[in-house]
Each structure stands twice: as structure tokens, then as C-alpha cells.
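Right, one structure below, let's go through it.
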Amino acid sequence: MALEGGSHDRDDVPAETSNVIAARLRRSAILYEGGRSITILVGEAALHHLVGSPDIMRAQIDHIAKLATTTQATIGIVPFESFPVLVQHGWDQRDRIITLETSAGDIEIADPVEVARYERWVQLLLEHALTGAAAAERCARIVSERGTPSPGVPE
């Protein structure tokens with residue numbers, strides 16, 4: 001799951017914050033639509049970084065756990081102990097176009113050789129990723145290691 005990293009500068013502008021939230025809600029709705037093939041992979045390290053307060057991070061991780069077991073999408077957590085390829089940035093793929101989101105704007109890659117490289121990376125990562133109940137269990141473990149268990153999640 002890509003958690004947008006917004007800067008504190010952007011988050012201080014109420015209109016822009018509202019636009020970001022609205023865009024996130026529109027994007028998340030497709031996770032529940034049938035007939036789509038959606039794969040979201042998250043490196044476990046991203047779930048350990050405190051990007052917000054502990055409560056915000058717990059809510060984010062709980063949300064990922066719920067998505068892993070309730071949506072049509074494949075939600076995968078690539079665990080520390082089995083990371084087959086080191087990628088240094090996130091990306092989206094729609095059809096045969098890779099999009100890299102940067103602070104300076106989006107970069108689109110359509111070169112078939114480069115697109116094939118990203119597709120290989122996805123396959124490698126997916127082979128090692130925890131999905132479904134296993135992903136939800138890893139999320140619960142990460143939350144409990146912080147000492148603030150989620151409501152309703154057994155320890």
C-alpha cells in the first residue's frame with residue numbers, strides 16, 4: 001500500500017489536505033470493485049517507520065491488515081527476512097506504463113524493456129510476500145511489538 005508521504009508544509013494547507021484525502025478515498029474505492037487485477041506490495045520496513053503519531057501508524061497498519069483480507073486486491077507485505085530484490089522507489093503500473101511519483105512530478109516509463117524489468121520485480125516480490133491472513137497477522141505483530149495493540153486484535 002503506498003502511503004503518501006506528504007511534507008508537513010503541504011499538510012498545513014487545509015484545502016490541499018482536503019484534496020489529498022478526497023483523492024485517496026477515490027483511489028481506495030477501486031479495491032472493492034470486481035473485475036480488476038490489483039496488486040499492492042509494501043516492504044515491511046515501511047510499516048515500522050513512524051511517519052505519523054503512533055496512533056496514526058497503528059490505524060494505517062490496521063487498515064492494511066483489513067484490506068489484505070477483505071478486498072479483491074492482492075495486498076502483500078514483503079517481510080524483512082525474505083526481500084528478493086532491493087528496489088529504491090515505489091511505482092504504479094497501469095497497462096504497459098510504469099509511473100514513478102516524485103516530488104517534482106510523475107515520470108512515465110513505456111519502454112517495453114524497462115516495463116518488463118518492473119514486472120519481473122513484482123513477480124519476485126510477490127513470490128516472497130505475505131498475503132491474506134498472513135499479511136494481516138504480520139500487521140498485528142508489528143502493532144503489538146510497539147506495545148500498543150489494536151482494538152479487537154488478540155495478542
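Scheme for the C-alpha cells: letters A, B, ... for chains in order shown; per-chain residue numbers from 1; ligand numbers from 1 in order shown.
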>> If we count only C-alpha atoms and set the cut-off at 12 Å, which residues sit around A:Val122, ignoring sequence neighbours fewer than 6 positions away in its own chain? Please answer as a PyMOL selection string.
In response: chain A and resi 38-43+74+76+78+83-87+90-93+98+115-116+128-129
Which of chain A counts as strand (DSSP E) under DSSP, as a PDB file with N, CA, C and O atoms, in the first residue's frame please?
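The resulting selection-v4.pdb:
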ATOM      1  N   THR A  39      -2.587  -5.376  -7.487  1.00  0.00           N
ATOM      2  CA  THR A  39      -1.607  -5.912  -6.546  1.00  0.00           C
ATOM      3  C   THR A  39      -0.927  -4.735  -5.879  1.00  0.00           C
ATOM      4  O   THR A  39      -0.445  -3.828  -6.566  1.00  0.00           O
ATOM      5  N   ILE A  40      -0.891  -4.754  -4.567  1.00  0.00           N
ATOM      6  CA  ILE A  40      -0.210  -3.712  -3.798  1.00  0.00           C
ATOM      7  C   ILE A  40       0.797  -4.414  -2.906  1.00  0.00           C
ATOM      8  O   ILE A  40       0.440  -5.283  -2.122  1.00  0.00           O
ATOM      9  N   LEU A  41       2.055  -4.038  -3.058  1.00  0.00           N
ATOM     10  CA  LEU A  41       3.122  -4.626  -2.258  1.00  0.00           C
ATOM     11  C   LEU A  41       3.751  -3.543  -1.391  1.00  0.00           C
ATOM     12  O   LEU A  41       4.009  -2.440  -1.861  1.00  0.00           O
ATOM     13  N   VAL A  42       3.990  -3.885  -0.137  1.00  0.00           N
ATOM     14  CA  VAL A  42       4.590  -2.952   0.814  1.00  0.00           C
ATOM     15  C   VAL A  42       5.743  -3.675   1.490  1.00  0.00           C
ATOM     16  O   VAL A  42       5.583  -4.790   1.989  1.00  0.00           O
ATOM     17  N   GLY A  43       6.901  -3.041   1.496  1.00  0.00           N
ATOM     18  CA  GLY A  43       8.019  -3.593   2.250  1.00  0.00           C
ATOM     19  C   GLY A  43       7.744  -3.446   3.735  1.00  0.00           C
ATOM     20  O   GLY A  43       7.221  -2.419   4.186  1.00  0.00           O
ATOM     21  N   THR A  74      -4.838  -8.001  -4.276  1.00  0.00           N
ATOM     22  CA  THR A  74      -3.803  -8.762  -3.575  1.00  0.00           C
ATOM     23  C   THR A  74      -2.951  -7.747  -2.827  1.00  0.00           C
ATOM     24  O   THR A  74      -2.307  -6.901  -3.434  1.00  0.00           O
ATOM     25  N   ILE A  75      -2.995  -7.815  -1.514  1.00  0.00           N
ATOM     26  CA  ILE A  75      -2.198  -6.928  -0.667  1.00  0.00           C
ATOM     27  C   ILE A  75      -1.075  -7.788  -0.091  1.00  0.00           C
ATOM     28  O   ILE A  75      -1.337  -8.792   0.566  1.00  0.00           O
ATOM     29  N   GLY A  76       0.156  -7.413  -0.355  1.00  0.00           N
ATOM     30  CA  GLY A  76       1.282  -8.207   0.113  1.00  0.00           C
ATOM     31  C   GLY A  76       2.251  -7.397   0.940  1.00  0.00           C
ATOM     32  O   GLY A  76       2.541  -6.248   0.626  1.00  0.00           O
ATOM     33  N   ILE A  77       2.741  -8.012   2.006  1.00  0.00           N
ATOM     34  CA  ILE A  77       3.791  -7.428   2.837  1.00  0.00           C
ATOM     35  C   ILE A  77       5.051  -8.235   2.543  1.00  0.00           C
ATOM     36  O   ILE A  77       5.071  -9.452   2.744  1.00  0.00           O
ATOM     37  N   VAL A  78       6.084  -7.570   2.047  1.00  0.00           N
ATOM     38  CA  VAL A  78       7.346  -8.257   1.786  1.00  0.00           C
ATOM     39  C   VAL A  78       8.159  -8.189   3.070  1.00  0.00           C
ATOM     40  O   VAL A  78       8.573  -7.112   3.497  1.00  0.00           O
ATOM     41  N   ASP A  92       3.691   2.685  -9.826  1.00  0.00           N
ATOM     42  CA  ASP A  92       2.377   2.170 -10.213  1.00  0.00           C
ATOM     43  C   ASP A  92       2.517   1.629 -11.623  1.00  0.00           C
ATOM     44  O   ASP A  92       3.298   2.162 -12.425  1.00  0.00           O
ATOM     45  N   GLN A  93       1.745   0.604 -11.922  1.00  0.00           N
ATOM     46  CA  GLN A  93       1.687   0.126 -13.303  1.00  0.00           C
ATOM     47  C   GLN A  93       0.233   0.037 -13.711  1.00  0.00           C
ATOM     48  O   GLN A  93      -0.583  -0.570 -13.028  1.00  0.00           O
ATOM     49  N   ARG A  94      -0.068   0.672 -14.803  1.00  0.00           N
ATOM     50  CA  ARG A  94      -1.383   0.574 -15.424  1.00  0.00           C
ATOM     51  C   ARG A  94      -1.134   0.211 -16.873  1.00  0.00           C
ATOM     52  O   ARG A  94      -0.434   0.925 -17.577  1.00  0.00           O
ATOM     53  N   ILE A  97       2.394   0.828 -18.786  1.00  0.00           N
ATOM     54  CA  ILE A  97       3.080   2.071 -18.432  1.00  0.00           C
ATOM     55  C   ILE A  97       3.382   2.049 -16.937  1.00  0.00           C
ATOM     56  O   ILE A  97       2.511   1.798 -16.116  1.00  0.00           O
ATOM     57  N   ILE A  98       4.636   2.319 -16.613  1.00  0.00           N
ATOM     58  CA  ILE A  98       5.087   2.426 -15.221  1.00  0.00           C
ATOM     59  C   ILE A  98       5.121   3.911 -14.880  1.00  0.00           C
ATOM     60  O   ILE A  98       5.649   4.718 -15.644  1.00  0.00           O
ATOM     61  N   THR A  99       4.572   4.267 -13.717  1.00  0.00           N
ATOM     62  CA  THR A  99       4.612   5.653 -13.267  1.00  0.00           C
ATOM     63  C   THR A  99       5.360   5.728 -11.950  1.00  0.00           C
ATOM     64  O   THR A  99       5.015   5.031 -10.993  1.00  0.00           O
ATOM     65  N   LEU A 100       6.382   6.558 -11.920  1.00  0.00           N
ATOM     66  CA  LEU A 100       7.137   6.840 -10.706  1.00  0.00           C
ATOM     67  C   LEU A 100       6.659   8.194 -10.199  1.00  0.00           C
ATOM     68  O   LEU A 100       6.664   9.168 -10.947  1.00  0.00           O
ATOM     69  N   GLU A 101       6.240   8.245  -8.947  1.00  0.00           N
ATOM     70  CA  GLU A 101       5.828   9.519  -8.359  1.00  0.00           C
ATOM     71  C   GLU A 101       7.025  10.139  -7.668  1.00  0.00           C
ATOM     72  O   GLU A 101       7.643   9.516  -6.820  1.00  0.00           O
ATOM     73  N   THR A 102       7.346  11.367  -8.047  1.00  0.00           N
ATOM     74  CA  THR A 102       8.444  12.084  -7.403  1.00  0.00           C
ATOM     75  C   THR A 102       7.919  13.424  -6.895  1.00  0.00           C
ATOM     76  O   THR A 102       6.836  13.860  -7.287  1.00  0.00           O
ATOM     77  N   GLY A 105       7.165  15.695  -9.740  1.00  0.00           N
ATOM     78  CA  GLY A 105       6.137  15.307 -10.705  1.00  0.00           C
ATOM     79  C   GLY A 105       6.295  13.848 -11.077  1.00  0.00           C
ATOM     80  O   GLY A 105       7.235  13.172 -10.663  1.00  0.00           O
ATOM     81  N   ASP A 106       5.350  13.357 -11.864  1.00  0.00           N
ATOM     82  CA  ASP A 106       5.368  11.953 -12.269  1.00  0.00           C
ATOM     83  C   ASP A 106       6.296  11.720 -13.454  1.00  0.00           C
ATOM     84  O   ASP A 106       6.433  12.576 -14.331  1.00  0.00           O
ATOM     85  N   ILE A 107       6.907  10.544 -13.449  1.00  0.00           N
ATOM     86  CA  ILE A 107       7.732  10.102 -14.572  1.00  0.00           C
ATOM     87  C   ILE A 107       7.071   8.849 -15.125  1.00  0.00           C
ATOM     88  O   ILE A 107       6.810   7.904 -14.380  1.00  0.00           O
ATOM     89  N   GLU A 108       6.770   8.843 -16.422  1.00  0.00           N
ATOM     90  CA  GLU A 108       6.146   7.678 -17.038  1.00  0.00           C
ATOM     91  C   GLU A 108       7.151   6.934 -17.894  1.00  0.00           C
ATOM     92  O   GLU A 108       7.913   7.541 -18.648  1.00  0.00           O
ATOM     93  N   ILE A 109       7.145   5.621 -17.751  1.00  0.00           N
ATOM     94  CA  ILE A 109       8.054   4.755 -18.496  1.00  0.00           C
ATOM     95  C   ILE A 109       7.211   3.798 -19.328  1.00  0.00           C
ATOM     96  O   ILE A 109       6.401   3.056 -18.779  1.00  0.00           O
ATOM     97  N   LEU A 130       3.871 -11.848   2.057  1.00  0.00           N
ATOM     98  CA  LEU A 130       2.804 -12.413   2.874  1.00  0.00           C
ATOM     99  C   LEU A 130       1.513 -11.766   2.392  1.00  0.00           C
ATOM    100  O   LEU A 130       1.431 -10.541   2.271  1.00  0.00           O
ATOM    101  N   THR A 131       0.506 -12.578   2.100  1.00  0.00           N
ATOM    102  CA  THR A 131      -0.767 -12.052   1.617  1.00  0.00           C
ATOM    103  C   THR A 131      -1.905 -12.600   2.476  1.00  0.00           C
ATOM    104  O   THR A 131      -1.713 -13.518   3.272  1.00  0.00           O
TER     105      THR A 131
END
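Coordinates place atom CA of A:Cys139 at a distance of 18.7 Å from atom CA of A:Leu31.
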> Running DSSP on the backbone, which parts of stretch 56-145 of chain A land in helix (DSSP H, G or I), as number ranges by chain?
Replying inline: A: 56-70, 80-82, 112-128, 132-145
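With only C-alpha atoms as the atoms that count, the residue of A:Leu47, A:Ile30, A:Ala65, A:Ala110 with the shortest distance to A:Glu145 is A:Leu47.
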> Quick one: distance from atom CA of A:Ala135 to atom CA of A:Ile64 in Å, one decimal?
Replying inline: 8.4 Å
>> I'd like the contact shell of A:His48 - 10 Å cut-off, only C-alpha atoms, skipping same-chain residues fewer than 2 positions apart - returned as an MDAnalysis selection string.
In response: chainID A and resid 43:46 50:51 57 61 139 142:143 145:146
